[in-house]
Each structure stands twice: as C-alpha cells, then as structure tokens.
>>> print(open('coords-v9.tsv').read())   # TSV, C-alpha atoms
chain	number	residue	atom	x	y	z
A	235	MET	CA	-13.89	0.78	20.96
A	236	ASP	CA	-12.12	-2.43	21.87
A	237	PHE	CA	-8.74	-3.11	20.28
A	238	GLU	CA	-8.00	-6.19	22.37
A	239	PRO	CA	-6.92	-8.99	19.98
A	240	SER	CA	-9.34	-11.89	19.74
A	241	THR	CA	-8.01	-15.37	20.38
A	242	LYS	CA	-7.92	-15.99	16.62
A	243	ALA	CA	-6.04	-12.74	15.97
A	244	GLN	CA	-3.56	-13.45	18.76
A	245	GLU	CA	-2.86	-16.94	17.44
A	246	THR	CA	-2.49	-15.62	13.89
A	247	CYS	CA	-0.02	-12.95	15.03
A	248	GLU	CA	2.03	-15.48	16.99
A	249	ASN	CA	2.05	-17.76	13.94
A	250	MET	CA	3.11	-14.82	11.75
A	251	TRP	CA	5.96	-13.86	14.07
A	252	ASP	CA	7.23	-17.43	14.10
A	253	PHE	CA	7.09	-17.47	10.29
A	254	MET	CA	8.99	-14.16	10.13
A	255	ARG	CA	11.77	-15.32	12.45
A	256	SER	CA	12.18	-18.82	11.03
A	257	HIS	CA	11.71	-18.12	7.31
A	258	VAL	CA	11.26	-14.51	6.20
A	259	PHE	CA	14.19	-12.73	7.86
A	260	PRO	CA	16.64	-15.49	6.83
A	261	ALA	CA	15.34	-15.19	3.24
A	262	GLU	CA	16.12	-11.48	2.91
A	263	GLN	CA	19.77	-11.98	2.02
A	264	VAL	CA	18.97	-14.84	-0.35
A	265	TRP	CA	16.41	-12.62	-2.09
A	266	ALA	CA	18.83	-9.71	-2.44
A	267	GLU	CA	21.64	-11.93	-3.73
A	268	HIS	CA	19.42	-13.46	-6.40
A	269	LEU	CA	18.43	-10.03	-7.71
A	270	ARG	CA	22.05	-8.87	-7.70
A	271	ILE	CA	23.19	-11.84	-9.79
A	272	ASN	CA	20.19	-12.44	-12.04
A	273	GLY	CA	18.67	-9.00	-12.52
A	274	GLU	CA	16.57	-6.69	-10.39
A	275	HIS	CA	13.21	-7.72	-11.88
A	276	THR	CA	13.80	-11.48	-11.95
A	277	TYR	CA	11.81	-13.69	-9.60
A	278	PRO	CA	13.77	-15.25	-6.71
A	279	PRO	CA	12.74	-18.93	-6.37
A	280	ILE	CA	12.85	-18.68	-2.58
A	281	MET	CA	9.51	-16.86	-2.72
A	282	GLU	CA	7.78	-20.08	-3.79
A	283	GLU	CA	9.29	-21.81	-0.75
A	284	LEU	CA	8.00	-19.04	1.51
A	285	LYS	CA	4.54	-19.16	-0.05
A	286	ALA	CA	4.34	-22.92	0.41
A	287	GLU	CA	5.29	-22.56	4.07
A	288	ALA	CA	2.77	-19.75	4.58
A	289	ARG	CA	-0.04	-21.84	3.07
A	290	THR	CA	0.88	-24.76	5.30
A	291	ARG	CA	0.59	-22.46	8.31
A	292	GLY	CA	-2.76	-21.02	7.17
A	293	LEU	CA	-1.17	-17.60	6.60
A	294	TRP	CA	-2.80	-16.97	3.23
A	295	ASN	CA	-5.17	-14.31	1.85
A	296	LEU	CA	-5.62	-12.94	5.37
A	297	PHE	CA	-6.74	-9.54	4.05
A	298	LEU	CA	-10.09	-10.91	2.80
A	299	PRO	CA	-12.45	-11.29	5.78
A	300	GLN	CA	-14.70	-13.75	3.95
A	301	LEU	CA	-11.75	-16.10	3.47
A	302	SER	CA	-9.65	-15.50	6.58
A	303	GLY	CA	-12.34	-14.89	9.17
A	304	LEU	CA	-10.32	-11.86	10.34
A	305	SER	CA	-11.82	-8.40	10.66
A	306	ASN	CA	-9.99	-5.39	9.21
A	307	LEU	CA	-8.82	-4.56	12.74
A	308	GLU	CA	-7.50	-8.09	13.27
A	309	TYR	CA	-5.78	-8.21	9.89
A	310	ALA	CA	-4.18	-4.82	10.59
A	311	MET	CA	-2.18	-6.46	13.38
A	312	VAL	CA	-0.83	-9.07	10.95
A	313	ALA	CA	-0.12	-6.43	8.31
A	314	GLU	CA	2.04	-4.56	10.80
A	315	ILE	CA	4.14	-7.66	11.40
A	316	SER	CA	4.59	-8.17	7.65
A	317	GLY	CA	5.83	-4.57	7.43
A	318	TRP	CA	9.00	-5.58	9.27
A	319	SER	CA	10.06	-7.12	5.94
A	320	PRO	CA	7.89	-5.19	3.48
A	321	VAL	CA	9.50	-6.47	0.29
A	322	ILE	CA	9.10	-10.17	1.05
A	323	ALA	CA	6.58	-10.89	3.81
A	324	PRO	CA	3.38	-9.46	2.25
A	325	GLU	CA	3.89	-11.44	-0.95
A	326	ALA	CA	4.81	-14.58	0.97
A	327	ILE	CA	1.32	-14.58	2.55
A	328	ASN	CA	-0.40	-13.39	-0.68
A	329	CYS	CA	-1.30	-10.05	0.90
A	330	GLN	CA	0.81	-7.78	-1.31
A	331	ALA	CA	-0.20	-4.57	-3.06
A	332	PRO	CA	-1.49	-3.98	-5.67
A	333	ASP	CA	-2.89	-7.52	-5.83
A	334	THR	CA	-4.88	-7.15	-2.60
A	335	GLY	CA	-6.78	-4.15	-3.92
A	336	ASN	CA	-7.33	-5.85	-7.27
A	337	MET	CA	-8.60	-9.01	-5.59
A	338	GLU	CA	-10.99	-6.96	-3.45
A	339	THR	CA	-12.17	-5.18	-6.61
A	340	LEU	CA	-12.73	-8.42	-8.51
A	341	GLU	CA	-14.43	-9.95	-5.49
A	342	ARG	CA	-16.96	-7.11	-5.47
A	343	PHE	CA	-17.41	-6.21	-9.14
A	344	ALA	CA	-16.25	-9.07	-11.41
A	345	THR	CA	-18.56	-11.32	-13.42
A	346	PRO	CA	-18.33	-15.10	-12.85
A	347	GLU	CA	-16.21	-15.41	-16.01
A	348	GLN	CA	-13.85	-12.61	-14.89
A	349	ARG	CA	-13.53	-14.19	-11.47
A	350	GLU	CA	-12.61	-17.55	-12.93
A	351	ARG	CA	-10.00	-16.12	-15.31
A	352	TRP	CA	-8.32	-13.59	-13.03
A	353	LEU	CA	-9.49	-13.70	-9.42
A	354	GLU	CA	-8.96	-17.41	-8.83
A	355	PRO	CA	-5.28	-17.38	-10.00
A	356	LEU	CA	-4.66	-14.29	-7.88
A	357	LEU	CA	-6.14	-15.94	-4.81
A	358	ALA	CA	-4.01	-19.01	-5.53
A	359	GLY	CA	-0.86	-16.88	-5.81
A	360	THR	CA	-0.03	-18.19	-9.30
A	361	MET	CA	-0.40	-14.80	-10.99
A	362	ARG	CA	0.12	-11.13	-10.22
A	363	SER	CA	-1.72	-8.00	-11.36
A	364	ALA	CA	-1.50	-4.21	-11.57
A	365	ILE	CA	-3.82	-1.21	-11.36
A	366	ALA	CA	-3.28	1.34	-14.14
A	367	MET	CA	-4.69	4.70	-13.03
A	368	THR	CA	-1.89	7.28	-12.71
A	369	GLU	CA	-0.93	9.30	-15.79
A	370	PRO	CA	2.13	11.50	-16.45
A	371	ASP	CA	0.39	14.42	-18.15
A	372	VAL	CA	-2.35	15.23	-15.63
A	373	ALA	CA	-2.72	15.57	-11.86
A	374	SER	CA	-3.97	12.04	-11.27
A	375	SER	CA	-4.72	12.70	-7.60
A	376	ASP	CA	-7.95	14.04	-9.10
A	377	ALA	CA	-9.15	10.93	-10.92
A	378	THR	CA	-11.56	12.98	-13.01
A	379	ASN	CA	-8.49	14.34	-14.85
A	380	ILE	CA	-7.61	10.97	-16.36
A	381	THR	CA	-7.34	11.23	-20.16
A	382	THR	CA	-6.93	7.60	-21.28
A	383	ARG	CA	-9.84	6.82	-23.62
A	384	ILE	CA	-11.86	3.61	-23.61
A	385	THR	CA	-14.08	3.56	-26.71
A	386	ARG	CA	-16.74	0.98	-27.55
A	387	ASP	CA	-16.41	-0.61	-31.00
A	388	ALA	CA	-19.03	-3.31	-31.55
A	389	ASP	CA	-18.19	-6.16	-29.15
A	390	GLU	CA	-14.81	-4.69	-28.21
A	391	TYR	CA	-13.35	-1.72	-26.37
A	392	VAL	CA	-10.40	0.22	-27.82
A	393	ILE	CA	-7.97	1.79	-25.32
A	394	ASN	CA	-5.59	4.66	-26.01
A	395	GLY	CA	-3.48	6.45	-23.43
A	396	ARG	CA	-0.37	6.55	-21.30
A	397	LYS	CA	0.08	5.45	-17.69
A	398	TRP	CA	3.03	5.49	-15.33
A	399	TRP	CA	4.10	4.38	-11.85
A	400	ILE	CA	2.17	1.16	-12.49
A	401	SER	CA	3.45	-1.12	-9.73
A	402	GLY	CA	3.96	-4.77	-10.64
A	403	ALA	CA	4.39	-4.43	-14.39
A	404	ALA	CA	8.09	-5.36	-14.47
A	405	ASP	CA	7.36	-8.86	-13.20
A	406	GLU	CA	6.38	-11.31	-15.95
A	407	ARG	CA	3.93	-12.91	-13.50
A	408	CYS	CA	1.81	-9.73	-13.78
A	409	GLN	CA	-0.73	-10.99	-16.29
A	410	VAL	CA	-3.57	-8.49	-16.07
A	411	PHE	CA	-3.94	-4.72	-15.75
A	412	VAL	CA	-7.02	-3.08	-14.24
A	413	VAL	CA	-7.14	0.04	-16.42
A	414	MET	CA	-9.07	3.21	-15.63
A	415	GLY	CA	-10.04	5.48	-18.50
A	416	LYS	CA	-12.85	7.63	-19.86
A	417	THR	CA	-15.76	6.13	-21.73
A	418	HIS	CA	-18.03	9.19	-21.45
A	419	PRO	CA	-15.94	12.40	-21.44
A	420	ASP	CA	-19.07	14.57	-21.67
A	421	ALA	CA	-20.85	13.02	-18.67
A	422	GLU	CA	-20.83	14.59	-15.22
A	423	PRO	CA	-17.29	14.37	-13.75
A	424	HIS	CA	-17.69	11.27	-11.60
A	425	ARG	CA	-19.50	9.24	-14.28
A	426	GLN	CA	-16.99	9.71	-17.09
A	427	GLN	CA	-14.63	6.90	-16.05
A	428	SER	CA	-14.78	3.12	-16.46
A	429	MET	CA	-12.47	0.24	-15.52
A	430	ILE	CA	-11.52	-2.57	-17.83
A	431	LEU	CA	-9.30	-5.68	-17.63
A	432	VAL	CA	-6.40	-5.83	-20.09
A	433	PRO	CA	-4.26	-8.99	-20.36
A	434	ARG	CA	-0.50	-8.39	-20.40
A	435	ASN	CA	0.29	-9.54	-23.93
A	436	THR	CA	-2.56	-7.73	-25.68
A	437	PRO	CA	-1.33	-6.15	-28.97
A	438	GLY	CA	-0.77	-2.41	-28.65
A	439	LEU	CA	0.19	-2.53	-24.96
A	440	THR	CA	3.83	-1.54	-24.52
A	441	ILE	CA	5.81	-1.43	-21.27
A	442	GLU	CA	8.10	1.52	-21.97
A	443	ARG	CA	10.35	1.60	-18.91
A	444	HIS	CA	10.65	0.77	-15.22
A	445	LEU	CA	10.93	3.77	-12.91
A	446	PRO	CA	13.15	3.71	-9.79
A	447	ILE	CA	12.20	5.21	-6.43
A	448	PHE	CA	15.16	7.29	-5.18
A	449	GLY	CA	17.43	5.00	-7.20
A	450	TYR	CA	15.87	1.73	-5.97
A	451	GLN	CA	14.29	-0.69	-8.43
A	452	ASP	CA	11.76	-2.97	-6.77
A	453	GLN	CA	11.56	-6.55	-8.03
A	454	HIS	CA	8.01	-6.03	-9.32
A	455	GLY	CA	8.83	-2.60	-10.72
A	456	HIS	CA	6.94	0.67	-11.19
A	457	SER	CA	6.45	1.09	-14.91
A	458	GLU	CA	5.32	3.37	-17.70
A	459	LEU	CA	2.77	1.88	-20.10
A	460	ILE	CA	1.56	2.91	-23.55
A	461	PHE	CA	-1.88	1.85	-24.81
A	462	ASP	CA	-2.03	2.25	-28.59
A	463	ASP	CA	-5.34	1.01	-30.04
A	464	VAL	CA	-5.41	-1.83	-27.52
A	465	ARG	CA	-8.48	-3.98	-28.19
A	466	VAL	CA	-10.13	-6.19	-25.57
A	467	PRO	CA	-13.52	-7.91	-25.51
A	468	ALA	CA	-16.43	-5.87	-24.17
A	469	ALA	CA	-16.85	-8.64	-21.59
A	470	ASN	CA	-13.65	-7.35	-19.92
A	471	LEU	CA	-15.42	-4.25	-18.58
A	472	LEU	CA	-15.75	-4.16	-14.79
A	473	ALA	CA	-19.33	-3.48	-13.69
A	474	ASN	CA	-20.89	-0.86	-15.99
A	475	GLU	CA	-19.72	2.05	-18.08
A	476	GLY	CA	-19.34	5.09	-15.84
A	477	ASP	CA	-18.66	3.05	-12.69
A	478	GLY	CA	-14.89	3.57	-12.75
A	479	PHE	CA	-14.69	6.33	-10.15
A	480	LEU	CA	-17.01	4.43	-7.79
A	481	ILE	CA	-14.88	1.29	-8.16
A	482	SER	CA	-11.67	3.22	-7.52
A	483	GLN	CA	-13.00	4.69	-4.29
A	484	ALA	CA	-14.26	1.31	-3.10
A	485	ARG	CA	-10.86	-0.17	-3.89
A	486	LEU	CA	-8.68	2.36	-2.11
A	487	GLY	CA	-10.26	2.44	1.38
A	488	PRO	CA	-9.20	-0.87	2.99
A	489	GLY	CA	-5.93	-0.82	1.06
A	490	ARG	CA	-4.89	2.33	2.89
A	491	ILE	CA	-5.27	0.44	6.17
A	492	HIS	CA	-2.87	-2.19	4.82
A	493	HIS	CA	-0.31	0.41	3.73
A	494	ALA	CA	-0.56	2.24	7.05
A	495	MET	CA	-0.03	-0.85	9.20
A	496	ARG	CA	2.84	-2.13	7.08
A	497	VAL	CA	4.60	1.22	7.32
A	498	ILE	CA	4.15	1.11	11.10
A	499	GLY	CA	5.90	-2.26	10.99
A	500	MET	CA	8.76	-0.59	9.10
A	501	ALA	CA	8.92	2.08	11.78
A	502	GLU	CA	9.01	-0.57	14.50
A	503	ARG	CA	11.94	-2.31	12.81
A	504	ALA	CA	13.72	1.02	12.45
A	505	LEU	CA	13.22	1.69	16.17
A	506	SER	CA	14.49	-1.79	16.99
A	507	LEU	CA	17.61	-1.16	14.92
A	508	MET	CA	18.04	2.22	16.63
A	509	VAL	CA	17.89	0.67	20.09
A	510	THR	CA	20.31	-2.12	19.16
A	511	ARG	CA	22.75	0.43	17.74
A	512	ALA	CA	22.42	2.64	20.81
A	513	HIS	CA	23.36	-0.26	23.09
A	514	SER	CA	26.33	-1.42	21.01
A	515	ARG	CA	27.98	1.84	19.91
A	516	PHE	CA	30.18	3.89	22.25
A	517	ALA	CA	30.96	7.62	21.98
A	518	PHE	CA	32.59	9.99	24.43
A	519	GLY	CA	33.22	7.23	26.94
A	520	LYS	CA	29.77	5.63	27.18
A	521	PRO	CA	27.16	3.82	25.09
A	522	LEU	CA	24.96	5.95	22.84
A	523	SER	CA	22.02	4.67	24.90
A	524	GLU	CA	23.26	6.69	27.89
A	525	HIS	CA	23.35	9.97	25.96
A	526	ALA	CA	20.27	12.11	26.63
A	527	ASN	CA	19.87	13.20	23.01
A	528	VAL	CA	19.75	9.58	21.81
A	529	GLN	CA	17.26	8.70	24.55
A	530	ASP	CA	15.10	11.58	23.30
A	531	LEU	CA	15.14	10.12	19.77
A	532	ILE	CA	14.12	6.70	21.07
A	533	ALA	CA	11.39	8.02	23.37
A	534	GLN	CA	9.85	10.29	20.74
A	535	SER	CA	9.82	7.42	18.26
A	536	ARG	CA	7.97	5.13	20.66
A	537	ILE	CA	5.40	7.83	21.45
A	538	GLU	CA	4.70	8.62	17.79
A	539	ILE	CA	4.46	4.98	16.70
A	540	ASP	CA	1.96	4.15	19.43
A	541	GLN	CA	-0.13	7.24	18.69
A	542	THR	CA	-0.28	6.43	15.00
A	543	ARG	CA	-1.08	2.77	15.57
A	544	LEU	CA	-4.07	3.73	17.71
A	545	LEU	CA	-5.39	6.01	14.96
A	546	VAL	CA	-5.03	3.24	12.38
A	547	GLN	CA	-6.71	0.72	14.68
A	548	LYS	CA	-9.59	3.16	15.24
A	549	THR	CA	-9.95	3.50	11.47
A	550	ALA	CA	-9.97	-0.27	10.96
A	551	TRP	CA	-12.57	-0.61	13.72
A	552	LEU	CA	-14.77	2.01	12.05
A	553	ILE	CA	-14.55	0.23	8.69
A	554	ASP	CA	-15.52	-3.05	10.35
A	555	ARG	CA	-18.45	-1.41	12.12
A	556	TYR	CA	-19.74	1.14	9.59
A	557	GLY	CA	-17.95	0.57	6.27
A	558	ALA	CA	-15.21	2.50	4.47
A	559	LYS	CA	-17.55	5.31	3.39
A	560	ASP	CA	-18.27	6.32	6.98
A	561	ALA	CA	-14.56	6.16	7.87
A	562	ARG	CA	-13.49	8.40	5.01
A	563	THR	CA	-11.99	11.13	7.20
A	564	GLU	CA	-10.06	8.65	9.33
A	565	ILE	CA	-8.78	6.83	6.23
A	566	ALA	CA	-7.45	10.13	4.92
A	567	SER	CA	-5.92	10.89	8.31
A	568	ILE	CA	-3.94	7.66	8.56
A	569	LYS	CA	-2.77	8.02	4.97
A	570	VAL	CA	-1.03	11.22	6.09
A	571	ALA	CA	-0.03	10.19	9.62
A	572	ALA	CA	1.49	6.73	9.13
A	573	PRO	CA	4.12	7.54	6.47
A	574	ALA	CA	5.01	10.78	8.29
A	575	THR	CA	5.59	8.89	11.53
A	576	ALA	CA	7.63	6.23	9.76
A	577	LEU	CA	9.78	8.84	8.02
A	578	ALA	CA	10.50	10.57	11.32
A	579	VAL	CA	11.43	7.32	13.10
A	580	ILE	CA	13.52	6.02	10.21
A	581	ASP	CA	15.34	9.35	9.98
A	582	ARG	CA	16.22	9.15	13.70
A	583	ALA	CA	17.44	5.60	13.24
A	584	ILE	CA	19.65	6.74	10.36
A	585	GLU	CA	21.03	9.50	12.59
A	586	VAL	CA	21.97	7.01	15.32
A	587	HIS	CA	23.59	4.70	12.74
A	588	GLY	CA	25.57	7.52	11.16
A	589	ALA	CA	27.09	6.73	7.76
A	590	MET	CA	25.99	3.11	8.04
A	591	GLY	CA	22.37	4.29	8.05
A	592	VAL	CA	22.54	5.67	4.52
A	593	SER	CA	24.17	2.54	3.11
A	594	ASP	CA	22.53	-0.73	2.12
A	595	ASP	CA	24.09	-2.54	5.11
A	596	THR	CA	20.77	-1.95	6.91
A	597	PRO	CA	17.25	-1.65	5.44
A	598	LEU	CA	16.96	1.93	6.70
A	599	ALA	CA	17.83	3.72	3.44
A	600	TYR	CA	15.29	1.67	1.47
A	601	PHE	CA	12.72	2.09	4.22
A	602	TYR	CA	13.20	5.86	4.10
A	603	ALA	CA	12.77	5.94	0.32
A	604	TRP	CA	9.66	3.79	0.39
A	605	ALA	CA	8.06	5.63	3.33
A	606	ARG	CA	8.52	8.89	1.41
A	607	VAL	CA	6.90	7.36	-1.66
A	608	LEU	CA	3.92	6.33	0.48
A	609	ARG	CA	3.19	10.02	1.00
A	610	ILE	CA	2.28	10.04	-2.72
A	611	VAL	CA	0.93	6.51	-3.33
A	612	ASP	CA	-2.90	6.28	-3.31
A	613	GLY	CA	-3.13	10.07	-3.32
A	614	PRO	CA	-0.64	12.68	-2.02
A	615	ASP	CA	-0.76	14.13	1.48
A	616	ALA	CA	-2.26	17.40	0.24
A	617	VAL	CA	-5.36	15.65	-1.11
A	618	HIS	CA	-5.95	13.72	2.11
A	619	ARG	CA	-5.42	16.82	4.27
A	620	ARG	CA	-8.03	18.51	2.09
A	621	THR	CA	-10.48	15.71	2.89
A	622	VAL	CA	-9.84	16.04	6.63
A	623	ALA	CA	-10.07	19.85	6.52
A	624	ARG	CA	-13.39	19.81	4.66
A	625	GLN	CA	-14.89	17.56	7.31
A	626	GLU	CA	-13.50	19.72	10.11
A	627	LEU	CA	-14.83	22.90	8.53
A	628	GLN	CA	-18.33	21.40	8.55
A	629	ARG	CA	-18.14	20.34	12.18
A	630	VAL	CA	-20.25	22.28	14.67
A	631	PRO	CA	-18.22	22.78	17.86
A	632	PRO	CA	-19.92	22.37	21.26
A	633	TYR	CA	-19.00	25.93	22.18
A	634	VAL	CA	-18.04	28.97	20.12
A	635	MET	CA	-16.43	31.90	21.87
A	636	THR	CA	-17.63	35.21	20.54
A	637	ALA	CA	-15.17	37.99	19.96
A	638	PRO	CA	-14.97	40.40	22.92
A	639	SER	CA	-16.40	43.84	22.37
A	640	ARG	CA	-13.87	46.63	22.02
A	641	THR	CA	-13.71	49.05	24.92
A	642	THR	CA	-12.20	52.46	25.15
A	643	ARG	CA	-10.51	54.13	28.04
>>> encode(input="coords-v9.tsv", output="structure tokens")
Amino acid sequence: MDFEPSTKAQETCENMWDFMRSHVFPAEQVWAEHLRINGEHTYPPIMEELKAEARTRGLWNLFLPQLSGLSNLEYAMVAEISGWSPVIAPEAINCQAPDTGNMETLERFATPEQRERWLEPLLAGTMRSAIAMTEPDVASSDATNITTRITRDADEYVINGRKWWISGAADERCQVFVVMGKTHPDAEPHRQQSMILVPRNTPGLTIERHLPIFGYQDQHGHSELIFDDVRVPAANLLANEGDGFLISQARLGPGRIHHAMRVIGMAERALSLMVTRAHSRFAFGKPLSEHANVQDLIAQSRIEIDQTRLLVQKTAWLIDRYGAKDARTEIASIKVAAPATALAVIDRAIEVHGAMGVSDDTPLAYFYAWARVLRIVDGPDAVHRRTVARQELQRVPPYVMTAPSRTTR
C-alpha cells in the first residue's frame, strides 16, 4: 500500500488549503451572522461567492473520479481539509452530503432523462437533493424493515409513508428526494425495496418539521416528511423494481469514506484549538502546555488521529483497487473508528478550554454534537461492529492453541 500523495493530489490539497485560509475561514462568521438575522434555514449569499471561487480554482465535484481525475484515496485527503469547516467547505466545492451520494447514485443508475433533469443541476451546484430512507416507526438500520409503500398504478407510482432525519429538506434548493420504499413486500427480504425520485412540490408530500441535533439546527435541516398518496411518473423509478437495497448499499460505501475523512478534519481543528489554548492559558504559575496532564491529552489526540487516518486511507485504497464490496469490513470499521476518535479529541479540547469549550465562541460544541450524530448516520455503530465481528468470526487464524489437558496431583 502506498499512501504517498500524487503530484495532482498534492497540488489539489495545497490549492484547497489556500482556499480555506483566504475564503472559507473568513466566511464562517458571515455565514453565522446571516442565519442569526434571517433565519436558521435561509441561504447565506456568501455561499455563491465561495462556489464561484472554488470553480475558478478547479475545486469542484472532486469526489467523482471520472470528473476530477482523483482516486478515492486522493480525494480523501481533500475531504479531510474540508472537514476543518464542515458546515461551509464541503458545499463550497460541491462535495456535500447527501448530494454526493445522490450524484453517485444517479451517475450509476439513472436513465438519460433522469440524469438531464436531476444529475446535471446537482453537478452544476444549482440544486440540492435528499435521500429519504430512515423512518420513525421501525429500526431503519435494517433497511428491510422500511414500511413506506410504493405501489404501481398504470403509468404512475403512488407513495405512502413517513420518513424522518432527512437531511437537506429544510433548504428550498432541495428539489428532489430519492425515496426508498417497498414495491414487493412479499418478495425475499432484499428484493422488496425500490428507489424512486420525488420532486419537492409534488402534491401529497408534506415537510412536517425540522429536527435539531442536540439543539443545533443546520442550515439545510434534518426533517420529517409525510407521503400521502404522492403520485409520480413510473419513469421516476431508479433502475428496476426490487433494486432498492442494492442501490442503497452501492450508495453508502464511498460516502462513508467522505464522512470519515471530514470528521478527521474536525478532530484536527479541535487539536489545533487545544494546542493554541494550551500555549495561551496560564494556571498555577505556568502555561497549560507545561502541565503533564494537558500534554497527555495532546499526545493521545495526535496518536489516535494518525491511527484512524491510516485506517481510512487503507479503506480508500482498497476501494480504489478492489471496489467497495471487497472493502466492506474496512468501511464498517472506519464508520465506527472515525467519529469515536473525533469525539475523544473534541472532548479533550473542550476540557482544555473549560467553560469556553461548551459555548458557541469556538466550534467545539457543534463539532461534538455532529461527531456524536455521525455514530448514527449511515447506520449506527452497533450495526457496523456486527459486520466487522461476522467477518472476524469467519477468519481462520494461522495458529490455534488447544486447551491444556487437566492434570491431577
């Protein structure tokens, strides 16, 4: 395995860092002030300025190898940088969830007509989208539990059901929902589901409410949706009836690399804030940086971040070389490891900042909330540990020690 950045990746990362320092970090306060004055789900105009600058720099749609020329491993390095400002930077370069996963899905499974109507505007950054899978009344970590019904009626499909935690729905720019539901409830479990495209203003689709995460409302929102006899053309179906589970699994693999690297970027910023605070704050006659317990927090954070990054890079390398299916165990592993590492580092940074760390004077409180949410997003930790354990239980070790015979005296 070779994780040495290529010349192209190195140049892209340097370009991204320059963009972050010159445009993204200065925009954070402008972004926050706009939302405070105009409403938490309104769209700050500064994002269009950032997107224009990113396009000028060639920092656009970097997550799609066929467009960017970057491998998953190379893009992972850029994704980490964007994680230093996770609210703004990913969208500024058109690499934000859930649009990335939806674009990858449309790239692989959409018809030419579907691509023209939805994929092209998403690639251009003129529209946003959402993926509607999770439901409030069932354990949606097992996608076979989904109860939303998609019923064929002549040349239309009729959709009935309830979804929640649908990221992106609060933003009016979100114009299409990729909806997962059951078309064949009596089929074998993994062939019951289908995916269909539902435009935002379709009659019968109601956005009930926007759910906060630990009290925070993101600009794009996480919403509850009601589908009440929602009718869409049969041509809106993705792939074929019964392909929904297959599509969902294809969609979630690379996206978990993106989440993992962005959360490592959050952890790196938290560590940077911790170090800065340790140098500038004095207690008991010397800087915090000279106290052994604070040095332990800093050292452990560096060790854990670097360990986790290597695991994520290995996973990205495996996807590049063998595909997401053959990296399934590693994908599950990083989905558990990256948010856990970030939570630990952010918590230490909060400790070093004291009361300031739990306020909104630093990004640490929001980072902590979002890192905790990432232990649930795209499947909770328990499900991914189950995947890793199953693989480990099937592994044949190179040596098995037999139990010693019992002897008597």
>>> residues_around(input="coords-v9.tsv", residues="A:Ile553", least_positions_apart="5", cutoff="12 Å", atoms="only C-alpha atoms", output="list in words")
Ser305, Asn306, Leu307, Glu308, Ala310, Ala484, Gly487, Pro488, Gly489, Arg490, Ile491, Val546, Gln547, Lys548, Ala558, Lys559, Asp560, Ala561, Arg562, Thr563, Glu564 and Ile565 of chain A
>>> closest_residue(input="coords-v9.tsv", among="A:Leu627, A:Cys329, A:Val617, A:Met500", to="A:Ala373", atoms="only C-alpha atoms")
A:Val617
>>> atom_distance(input="coords-v9.tsv", atom1="atom CA of A:Ala326", atom2="atom CA of A:Arg351")
22.1 Å
>>> closest_residue(input="coords-v9.tsv", among="A:Val630, A:Leu296, A:Val570, A:Leu598", to="A:His493", atoms="all atoms listed in the file")
A:Val570
>>> closest_residue(input="coords-v9.tsv", among="A:Gly317, A:Gly415, A:Leu445, A:Ala403", to="A:Arg503", atoms="only C-alpha atoms")
A:Gly317
>>> atom_distance(input="coords-v9.tsv", atom1="atom CA of A:Thr382", atom2="atom CA of A:Phe411")
13.8 Å
>>> closest_atom_pairs(input="coords-v9.tsv", of="stretch 423-539 of chain A", to="stretch 252-269 of chain A", cutoff="12 Å", atoms="all atoms listed in the file", output="CSV")
residue,atom,partner,partner_atom,distance
A:Gln451,CA,A:Leu269,CA,10.2
A:Asp452,CA,A:Leu269,CA,9.8
A:Gln453,CA,A:Leu269,CA,7.7
A:His454,CA,A:Leu269,CA,11.3
A:Arg503,CA,A:Phe259,CA,11.8
>>> atom_distance(input="coords-v9.tsv", atom1="atom CA of A:Val592", atom2="atom CA of A:Pro521")
21.2 Å
>>> closest_residue(input="coords-v9.tsv", among="A:Trp294, A:Arg289, A:Ala358, A:Phe237", to="A:Leu545", atoms="all atoms listed in the file")
A:Phe237
